[in-house]
$ cat coords_39.cif   # mmCIF, C-alpha atoms
data_model
#
loop_
_atom_site.label_atom_id
_atom_site.label_comp_id
_atom_site.auth_asym_id
_atom_site.auth_seq_id
_atom_site.Cartn_x
_atom_site.Cartn_y
_atom_site.Cartn_z
CA ALA R 1 -19.84 94.40 99.74
CA HIS R 2 -23.01 92.61 99.10
CA GLY R 3 -22.58 93.28 95.32
CA GLU R 4 -19.04 91.97 95.34
CA LYS R 5 -20.14 88.75 97.01
CA ALA R 6 -22.93 88.33 94.49
CA ALA R 7 -20.48 88.80 91.62
CA GLU R 8 -18.06 86.27 93.09
CA ALA R 9 -20.91 83.79 93.56
CA ALA R 10 -22.02 84.30 89.95
CA GLY R 11 -18.44 83.84 88.69
CA GLU R 12 -18.01 80.67 90.68
CA ALA R 13 -21.29 79.40 89.28
CA ASN R 14 -20.24 80.22 85.74
CA GLY R 15 -16.84 78.61 86.31
CA SER R 16 -18.42 75.49 87.70
CA GLU R 17 -20.77 75.33 84.73
CA ALA R 18 -17.80 75.79 82.32
CA VAL R 19 -15.91 73.01 84.09
CA ARG R 20 -18.94 70.76 83.90
CA SER R 21 -19.33 71.62 80.21
CA VAL R 22 -15.68 70.76 79.52
CA GLN R 23 -16.05 67.55 81.47
CA ARG R 24 -19.12 66.65 79.44
CA ARG R 25 -17.30 67.34 76.18
CA ALA R 26 -14.26 65.42 77.36
CA SER R 27 -16.45 62.49 78.24
CA ASP R 28 -18.09 62.40 74.80
CA GLY R 29 -14.83 63.08 72.89
CA THR R 30 -15.54 66.63 71.74
CA ALA R 31 -13.08 68.47 73.97
CA SER R 32 -9.46 69.10 73.08
CA THR R 33 -6.85 69.90 75.77
CA ASP R 34 -3.36 71.29 75.71
CA SER R 35 -0.23 69.73 77.18
CA GLN R 36 -1.27 70.80 80.69
CA GLY R 37 -4.71 69.32 80.43
CA ARG R 38 -6.55 72.56 79.85
CA ALA R 39 -9.42 72.74 77.43
CA ASN R 40 -8.47 74.88 74.48
CA VAL R 41 -10.23 73.70 71.29
CA MET R 42 -13.67 72.35 70.76
CA VAL R 43 -13.94 69.87 67.85
CA GLU R 44 -16.93 68.14 66.40
CA THR R 45 -16.62 64.50 65.32
CA GLU R 46 -18.49 62.27 62.91
CA LYS R 47 -20.85 59.78 64.38
CA GLY R 48 -19.11 56.46 64.65
CA GLN R 49 -15.61 57.85 65.22
CA LYS R 50 -15.59 55.86 68.42
CA THR R 51 -14.74 52.67 66.35
CA PRO R 52 -11.02 51.87 66.64
CA LYS R 53 -9.22 52.90 63.43
CA LEU R 54 -6.86 49.84 63.47
CA LEU R 55 -9.59 47.16 63.17
CA PRO R 56 -10.07 47.42 59.36
CA SER R 57 -6.31 47.33 58.84
CA ILE R 58 -5.98 44.26 61.04
CA LEU R 59 -8.79 42.45 59.19
CA PHE R 60 -7.27 43.37 55.81
CA ALA R 61 -3.85 42.09 56.91
CA ILE R 62 -5.37 38.77 58.07
CA LEU R 63 -7.22 38.37 54.77
CA GLY R 64 -4.04 39.07 52.79
CA TRP R 65 -2.11 36.54 54.85
CA VAL R 66 -4.74 33.86 54.27
CA MET R 67 -4.71 34.53 50.52
CA ALA R 68 -0.92 34.38 50.39
CA VAL R 69 -0.87 31.04 52.21
CA GLY R 70 -3.54 29.66 49.87
CA PHE R 71 -1.60 30.80 46.82
CA LEU R 72 1.58 29.19 48.15
CA ILE R 73 -0.18 25.89 48.80
CA GLY R 74 -1.68 25.97 45.29
CA MET R 75 1.73 26.57 43.75
CA ILE R 76 3.21 23.64 45.67
CA ILE R 77 0.41 21.38 44.44
CA GLU R 78 0.86 22.49 40.82
CA VAL R 79 4.64 22.10 40.87
CA THR R 80 4.54 18.63 42.40
CA LYS R 81 1.66 17.37 40.23
CA ASP R 82 2.48 14.38 37.96
CA ARG R 83 2.07 16.00 34.55
CA THR R 84 2.67 12.73 32.68
CA LEU R 85 -0.76 11.55 33.77
CA PHE R 86 -2.58 14.85 33.28
CA PHE R 87 -4.00 13.99 29.85
CA ASP R 88 -4.26 10.22 30.24
CA PRO R 89 -7.32 8.74 28.56
CA PRO R 90 -9.24 6.48 30.99
CA THR R 91 -8.67 3.44 28.80
CA GLN R 92 -4.91 3.87 28.85
CA ASN R 93 -4.91 4.58 32.59
CA ALA R 94 -6.67 1.29 33.26
CA SER R 95 -4.26 -0.76 31.15
CA GLN R 96 -1.13 -2.50 32.39
CA TRP R 97 0.81 -0.77 29.61
CA SER R 98 0.06 2.21 27.40
CA TYR R 99 1.66 4.91 25.28
CA ILE R 100 1.59 7.67 27.90
CA GLY R 101 2.49 8.43 31.49
CA LEU R 102 3.91 5.93 33.97
CA THR R 103 3.05 2.98 31.70
CA SER R 104 4.48 4.50 28.49
CA PRO R 105 7.07 2.76 26.22
CA PRO R 106 10.18 3.81 28.21
CA GLU R 107 8.65 2.12 31.27
CA TRP R 108 7.43 -1.12 29.64
CA GLY R 109 10.44 -3.14 30.73
CA ASN R 110 9.78 -2.24 34.38
CA LEU R 111 6.05 -3.00 34.44
CA SER R 112 6.25 -6.80 34.46
CA THR R 113 8.76 -9.61 34.25
CA ASP R 114 6.89 -10.66 31.11
CA TYR R 115 7.87 -7.32 29.55
CA LYS R 116 11.54 -7.43 30.54
CA THR R 117 12.67 -7.77 26.91
CA CYS R 118 11.17 -4.34 26.18
CA GLY R 119 13.91 -2.83 28.32
CA VAL R 120 16.91 -5.14 27.84
CA GLY R 121 16.36 -6.55 24.33
CA ARG R 122 19.11 -5.88 21.78
CA LEU R 123 16.95 -6.33 18.66
CA GLN R 124 14.00 -4.07 19.41
CA SER R 125 11.66 -2.34 16.95
CA PRO R 126 11.05 0.15 15.45
CA ILE R 127 14.32 1.75 14.34
CA ASN R 128 15.60 4.76 12.44
CA ILE R 129 16.56 3.52 8.97
CA ASN R 130 19.62 5.69 8.50
CA ARG R 131 21.07 5.06 5.06
CA GLY R 132 24.73 4.11 5.14
CA ILE R 133 25.03 5.06 8.81
CA ASN R 134 23.52 1.98 10.43
CA SER R 135 26.52 0.04 11.61
CA GLY R 136 25.32 -3.09 9.84
CA TRP R 137 24.22 -1.51 6.56
CA VAL R 138 24.13 -3.96 3.64
CA ASN R 139 23.56 -2.90 0.03
CA ASP R 140 23.97 -6.19 -1.82
CA PRO R 141 20.83 -8.39 -1.81
CA SER R 142 22.97 -11.46 -2.38
CA ASP R 143 24.39 -11.01 1.11
CA ASN R 144 21.18 -12.46 2.49
CA ASN R 145 19.95 -14.51 -0.49
CA GLU R 146 16.95 -12.19 -0.91
CA VAL R 147 15.67 -10.61 -4.10
CA GLY R 148 15.08 -6.94 -4.62
CA MET R 149 11.31 -6.54 -5.10
CA LEU R 150 8.73 -6.88 -2.38
CA GLY R 151 6.50 -8.68 -4.88
CA ASP R 152 9.01 -11.55 -4.98
CA VAL R 153 8.47 -12.31 -1.30
CA VAL R 154 4.90 -11.08 -0.71
CA THR R 155 1.65 -12.36 -2.24
CA LEU R 156 -1.69 -10.63 -1.75
CA PRO R 157 -5.12 -12.28 -2.11
CA SER R 158 -6.94 -11.55 -5.35
CA GLY R 159 -10.14 -9.56 -5.35
CA THR R 160 -11.79 -8.24 -2.21
CA VAL R 161 -11.41 -9.62 1.29
CA THR R 162 -13.79 -9.47 4.23
CA VAL R 163 -12.10 -7.61 7.05
CA ARG R 164 -13.42 -7.49 10.61
CA SER R 165 -12.30 -4.73 12.96
CA ARG R 166 -12.05 -4.49 16.72
CA ILE R 167 -10.30 -2.17 19.16
CA GLU R 168 -7.13 -3.64 20.65
CA ASP R 169 -4.33 -1.83 22.44
CA PHE R 170 -5.97 1.58 22.03
CA ALA R 171 -6.55 1.43 18.24
CA PRO R 172 -8.52 -0.53 15.61
CA VAL R 173 -7.02 -3.83 14.42
CA PHE R 174 -8.31 -5.36 11.18
CA TYR R 175 -8.53 -9.15 10.83
CA CYS R 176 -8.87 -10.84 7.45
CA GLN R 177 -11.64 -13.45 7.37
CA ASN R 178 -11.24 -16.90 5.74
CA VAL R 179 -8.06 -15.89 3.92
CA ALA R 180 -4.61 -14.56 4.80
CA CYS R 181 -4.12 -10.81 4.50
CA MET R 182 -0.85 -11.62 2.75
CA SER R 183 1.57 -14.52 2.39
CA VAL R 184 5.27 -13.94 2.94
CA SER R 185 7.98 -16.31 1.72
CA ILE R 186 11.56 -15.24 2.42
CA PRO R 187 14.44 -17.44 1.22
CA GLY R 188 16.56 -18.47 4.14
CA VAL R 189 14.02 -17.14 6.65
CA GLY R 190 10.72 -18.98 6.24
CA ASP R 191 7.10 -18.86 5.10
CA PHE R 192 4.52 -16.79 6.96
CA SER R 193 0.84 -15.83 6.70
CA SER R 194 -0.43 -12.48 7.92
CA ASP R 195 -3.82 -12.56 9.62
CA ARG R 196 -4.17 -8.88 10.58
CA PHE R 197 -3.02 -5.33 9.99
CA LEU R 198 -3.33 -1.97 11.71
CA PHE R 199 -2.40 1.69 11.36
CA ARG R 200 0.20 3.32 13.60
CA THR R 201 0.04 7.05 14.17
CA PRO R 202 2.47 8.67 13.92
CA SER R 203 4.75 6.33 11.99
CA GLU R 204 7.02 4.11 14.06
CA HIS R 205 9.79 3.77 11.50
CA VAL R 206 11.61 6.83 10.22
CA TYR R 207 14.03 7.38 7.33
CA ASP R 208 17.10 9.40 8.25
CA GLY R 209 15.22 10.67 11.28
CA LEU R 210 12.12 11.73 9.31
CA GLY R 211 8.78 10.03 9.80
CA SER R 212 5.26 10.40 8.44
CA GLU R 213 1.78 10.78 9.84
CA VAL R 214 0.70 7.13 9.52
CA GLU R 215 2.24 3.69 9.07
CA ILE R 216 0.37 0.50 8.15
CA GLN R 217 1.76 -2.80 9.44
CA PHE R 218 0.81 -6.33 8.38
CA TYR R 219 1.57 -8.89 11.09
CA ALA R 220 2.37 -12.57 10.73
CA THR R 221 3.08 -13.64 14.31
CA ASP R 222 3.29 -16.79 16.44
CA GLN R 223 4.60 -18.79 13.50
CA ASP R 224 7.80 -20.59 14.40
CA ASN R 225 10.14 -20.84 11.43
CA GLY R 226 13.45 -21.80 12.93
CA SER R 227 14.95 -18.71 14.53
CA PHE R 228 12.06 -16.46 13.39
CA ASN R 229 8.70 -16.01 15.08
CA GLY R 230 7.06 -14.00 12.32
CA THR R 231 7.26 -11.10 9.92
CA VAL R 232 6.01 -7.52 9.77
CA VAL R 233 5.49 -5.76 6.43
CA SER R 234 5.31 -1.99 6.82
CA VAL R 235 4.40 0.95 4.58
CA LEU R 236 4.52 4.65 5.45
CA TYR R 237 1.49 6.83 4.62
CA THR R 238 1.53 10.57 4.01
CA LEU R 239 -1.56 12.75 4.37
CA ASN R 240 -0.61 14.89 1.40
CA ALA R 241 -2.64 13.60 -1.54
CA PRO R 242 -3.59 16.40 -4.00
CA GLU R 243 -6.68 18.42 -3.15
CA THR R 244 -8.36 16.99 -6.23
CA ASP R 245 -7.96 13.53 -4.69
CA VAL R 246 -10.18 14.09 -1.64
CA PHE R 247 -11.65 10.59 -1.20
CA ASN R 248 -11.51 9.57 -4.84
CA SER R 249 -8.28 7.55 -4.88
CA SER R 250 -8.51 3.81 -4.29
CA ALA R 251 -6.26 4.00 -1.21
CA SER R 252 -8.34 6.77 0.37
CA GLN R 253 -11.59 4.96 -0.42
CA THR R 254 -10.32 1.75 1.17
CA VAL R 255 -9.17 3.55 4.30
CA VAL R 256 -12.58 5.23 4.57
CA LEU R 257 -14.31 1.82 4.38
CA LEU R 258 -12.03 0.44 7.08
CA ILE R 259 -12.58 3.38 9.42
CA GLN R 260 -16.34 3.32 8.88
CA SER R 261 -16.43 -0.38 9.73
CA VAL R 262 -15.04 0.39 13.20
CA GLY R 263 -18.05 2.45 14.17
CA ALA R 264 -20.66 0.41 12.30
CA SER R 265 -21.02 -3.30 11.49
CA GLY R 266 -17.39 -4.09 12.21
CA GLU R 267 -16.86 -5.57 8.74
CA ALA R 268 -15.83 -4.25 5.34
CA GLU R 269 -15.09 -5.65 1.90
CA VAL R 270 -11.80 -4.23 0.70
CA ASP R 271 -9.11 -4.77 -1.91
CA LEU R 272 -5.89 -5.01 0.12
CA SER R 273 -3.71 -4.22 -2.89
CA THR R 274 -4.95 -0.64 -2.73
CA LEU R 275 -3.30 -0.22 0.69
CA LEU R 276 0.21 -0.80 -0.65
CA PRO R 277 2.38 0.83 -3.33
CA SER R 278 3.44 -1.22 -6.32
CA LEU R 279 5.14 -4.40 -5.11
CA GLN R 280 7.79 -3.84 -7.78
CA TYR R 281 9.53 -1.36 -5.49
CA GLY R 282 12.20 -2.27 -3.01
CA TYR R 283 12.30 -2.38 0.75
CA TYR R 284 14.55 -2.30 3.79
CA ALA R 285 14.81 -5.43 5.92
CA TYR R 286 16.13 -6.04 9.41
CA ASN R 287 15.59 -8.36 12.35
CA GLY R 288 13.50 -6.84 15.11
CA SER R 289 10.74 -7.38 17.64
CA LEU R 290 7.09 -6.81 18.32
CA PRO R 291 6.71 -3.04 18.89
CA TYR R 292 4.43 -3.61 21.86
CA PRO R 293 4.67 -5.74 25.05
CA PRO R 294 5.99 -8.35 25.51
CA CYS R 295 8.37 -7.03 22.78
CA SER R 296 9.35 -10.57 21.75
CA GLU R 297 12.28 -10.66 19.33
CA GLY R 298 12.81 -12.84 16.26
CA TYR R 299 10.67 -10.95 13.72
CA ARG R 300 11.74 -10.08 10.20
CA TYR R 301 10.76 -6.52 9.23
CA MET R 302 10.30 -5.36 5.65
CA VAL R 303 9.73 -1.61 5.36
CA MET R 304 8.83 -0.48 1.86
CA LYS R 305 10.76 2.36 0.25
CA ALA R 306 7.68 3.71 -1.50
CA ALA R 307 4.93 5.53 0.36
CA VAL R 308 1.17 5.78 -0.09
CA GLN R 309 -0.56 9.15 -0.32
CA ILE R 310 -4.03 9.52 1.14
CA ALA R 311 -6.42 12.41 1.69
CA PRO R 312 -5.48 14.74 4.59
CA GLN R 313 -9.03 14.54 5.98
CA LEU R 314 -8.54 10.87 6.83
CA GLY R 315 -6.18 11.74 9.67
CA GLU R 316 -8.96 13.48 11.59
CA LEU R 317 -11.44 10.74 10.70
CA TYR R 318 -9.17 8.02 12.06
CA SER R 319 -8.14 9.94 15.20
CA GLN R 320 -11.57 9.48 16.79
CA TYR R 321 -10.74 5.80 17.28
CA VAL R 322 -7.17 6.20 18.54
CA ASP R 323 -6.44 7.24 22.11
CA TYR R 324 -4.13 10.17 22.77
CA PRO R 325 -1.16 10.37 22.13
CA GLY R 326 -1.32 7.68 19.44
CA ASN R 327 -0.17 4.08 19.25
CA ALA R 328 3.46 4.34 18.13
CA ARG R 329 6.59 3.30 20.01
CA SER R 330 9.68 5.48 19.69
CA GLN R 331 12.72 4.33 17.70
CA GLN R 332 15.07 1.87 19.40
CA PRO R 333 18.88 1.55 19.09
CA ASP R 334 20.00 -0.63 16.17
CA ASN R 335 22.87 -2.05 18.25
CA GLY R 336 24.92 -2.88 15.19
CA ARG R 337 22.34 -5.13 13.51
CA ALA R 338 22.26 -5.43 9.73
CA VAL R 339 19.81 -3.31 7.74
CA TYR R 340 19.42 -4.70 4.23
CA ASN R 341 18.76 -2.40 1.28
CA TYR R 342 16.84 -4.20 -1.47
CA GLY R 343 15.45 -3.10 -4.80
CA ARG R 344 14.79 0.22 -6.48
CA GLY R 345 13.15 3.29 -5.09
CA THR R 346 15.61 5.42 -3.17
CA LEU R 347 14.96 8.09 -0.59
CA PRO R 348 16.09 11.69 -1.08
CA THR R 349 18.34 13.62 1.24
CA PRO R 350 16.20 15.13 4.03
CA THR R 351 15.41 18.82 3.60
CA PRO R 352 14.15 21.38 6.16
CA ASP R 353 10.71 21.59 4.59
CA ALA R 354 10.33 17.82 4.99
CA ALA R 355 10.91 17.82 8.71
CA SER R 356 7.41 16.62 9.55
CA ARG R 357 7.10 13.78 7.07
CA ALA R 358 9.01 11.33 4.94
CA VAL R 359 9.14 12.74 1.41
CA LEU R 360 9.93 10.10 -1.16
CA GLU R 361 11.17 10.52 -4.73
CA ASP R 362 8.53 10.50 -7.43
CA ASP R 363 9.80 7.29 -8.94
CA ALA R 364 9.44 5.54 -5.59
CA THR R 365 5.96 6.76 -4.78
CA ARG R 366 2.76 5.69 -6.49
CA GLU R 367 -0.34 7.79 -5.93
CA LEU R 368 -3.22 5.40 -5.48
#

$ encode --input "coords_39.cif" --output "structure tokens"
Amino acid sequence: AHGEKAAEAAGEANGSEAVRSVQRRASDGTASTDSQGRANVMVETEKGQKTPKLLPSILFAILGWVMAVGFLIGMIIEVTKDRTLFFDPPTQNASQWSYIGLTSPPEWGNLSTDYKTCGVGRLQSPININRGINSGWVNDPSDNNEVGMLGDVVTLPSGTVTVRSRIEDFAPVFYCQNVACMSVSIPGVGDFSSDRFLFRTPSEHVYDGLGSEVEIQFYATDQDNGSFNGTVVSVLYTLNAPETDVFNSSASQTVVLLIQSVGASGEAEVDLSTLLPSLQYGYYAYNGSLPYPPCSEGYRYMVMKAAVQIAPQLGELYSQYVDYPGNARSQQPDNGRAVYNYGRGTLPTPTPDAASRAVLEDDATREL
């Protein structure tokens, strides 16, 4: 009897110790129980398993949400950004009018009451000289009492002329000193004296929708001759002189001198005749306006049929002094005005390979 009691006491002690052992393992997470709460499997765990498993997932989800919101906000900013001002040069941004963005040519008429004519004028420049399609096309010089050669209405100074340059309206303007750049006498229109000239890039005028890289314009403005306020004589330039030309032609050399004067002394001695083709060629004439604000009308345009070829390298040389995207106004509606066709030197039918420039017939182009 005594042995049985001792055995029972030992069993109870062992059972109590087993229960305490299970309780200890349950408390430190190493005991596994069945559906009735009985210990059945002992498992060992890694240190640190006490950390909740959902915390990294929650943090990752929050980070992803923040990134998604940031991306969405960035997309909204990019989509609503005013792209027209993205590449504005500071000088054009600060001006009341420019050739880009919210102050570009299509907006000139809305920028000031002084510029109203830019938007509502019926005789605006430049235009597309579309042979035979302009509603007022005239082929007979006698219709306007004008002769057929530009040399009959334009006179250039002899020898060299001192030219002074300065930046105006985002590009160099060249002023002739002590003598007129050219004299213009048009029967039935008036007499004018040009005091300055400049280069437009790309060309403002186009032939049958095709333009060129550069256009030179001689201005005679603020000279009241009846119904005319001045004249503009224009010549298209192509940057396609032969490779052997480089800077050896007289036209290229003169342009180099003019461009160098902008960044140096501001003056150059040049022969202006080298900047034009032979004055024995013809021209197109029409009544237009200043191609910049205030876009005043009452100006007689004479656009030569012949072009001048200069070295391709001059385009890059000149571009350092012209703000992006250039200083050319787009073509304006002709609104039925007459476009007079004078003299020899005709333009060819446009071809696909001439899409980027005005290609003139050999007999109407003089390489200078």

$ closest_atom_pairs --input "coords_39.cif" --of "stretch 165-240 of chain R" --to "stretch 294-310 of chain R" --cutoff "10 Å" --atoms "all atoms listed in the file" --output "CSV"
residue,atom,partner,partner_atom,distance
R:Ile186,CA,R:Arg300,CA,9.3
R:Val189,CA,R:Arg300,CA,8.2
R:Gly190,CA,R:Arg300,CA,9.8
R:His205,CA,R:Val303,CA,8.2
R:Val206,CA,R:Val303,CA,9.9
R:Tyr207,CA,R:Lys305,CA,9.3
R:Ser212,CA,R:Ala307,CA,9.4
R:Val214,CA,R:Val308,CA,9.7
R:Glu215,CA,R:Ala307,CA,9.3
R:Ile216,CA,R:Val308,CA,9.8
R:Gln217,CA,R:Val303,CA,9.0
R:Phe218,CA,R:Met302,CA,9.9
R:Tyr219,CA,R:Tyr301,CA,9.7
R:Ala220,CA,R:Tyr299,CA,9.0
R:Thr221,CA,R:Tyr299,CA,8.1
R:Asp222,CA,R:Tyr299,CA,9.8
R:Gln223,CA,R:Tyr299,CA,9.9
R:Asp224,CA,R:Gly298,CA,9.4
R:Asn225,CA,R:Gly298,CA,9.7
R:Gly226,CA,R:Gly298,CA,9.6
R:Ser227,CA,R:Gly298,CA,6.5
R:Phe228,CA,R:Gly298,CA,4.7
R:Asn229,CA,R:Gly298,CA,5.3
R:Gly230,CA,R:Tyr299,CA,4.9
R:Thr231,CA,R:Arg300,CA,4.6
R:Val232,CA,R:Tyr301,CA,4.9
R:Val233,CA,R:Met302,CA,4.9
R:Ser234,CA,R:Val303,CA,4.7
R:Val235,CA,R:Met304,CA,5.4
R:Leu236,CA,R:Ala307,CA,5.2
R:Tyr237,CA,R:Val308,CA,4.8
R:Thr238,CA,R:Gln309,CA,5.0
R:Leu239,CA,R:Ile310,CA,5.2
R:Asn240,CA,R:Gln309,CA,6.0

$ atom_distance --input "coords_39.cif" --atom1 "atom CA of R:Arg329" --atom2 "atom CA of R:Pro106"
9.0 Å

$ atom_distance --input "coords_39.cif" --atom1 "atom CA of R:Ile76" --atom2 "atom CA of R:Phe60"
24.5 Å

$ resolve_selection --input "coords_39.cif" --expression "the PyMOL selection byres ((chain R and resi 114-126) around 9)" --output "number ranges by chain"
R: 105-113, 127-128, 204-206, 287-298, 301, 329-335, 337

$ atom_distance --input "coords_39.cif" --atom1 "atom CA of R:Tyr284" --atom2 "atom CA of R:Gly188"
16.3 Å

$ residues_around --input "coords_39.cif" --residues "R:Thr274" --least-positions-apart "5" --cutoff "10 Å" --atoms "only C-alpha atoms" --output "list in words"
Ser249, Ser250, Ala251, Ser252, Gln253, Thr254, Val255, Val308 and Leu368 of chain R

$ resolve_selection --input "coords_39.cif" --expression "the PyMOL selection byres ((chain R and resi 177) around 9)" --output "list in words"
Val161, Thr162, Val163, Arg164, Tyr175, Cys176, Asn178, Val179, Ala180, Cys181 and Asp195 of chain R

$ closest_residue --input "coords_39.cif" --among "R:Ser203, R:Thr103, R:Thr155, R:Asn130" --to "R:Ser185" --atoms "all atoms listed in the file"
R:Thr155

$ closest_residue --input "coords_39.cif" --among "R:Val66, R:Ile259, R:Leu54, R:Leu210" --to "R:Tyr321" --atoms "all atoms listed in the file"
R:Ile259
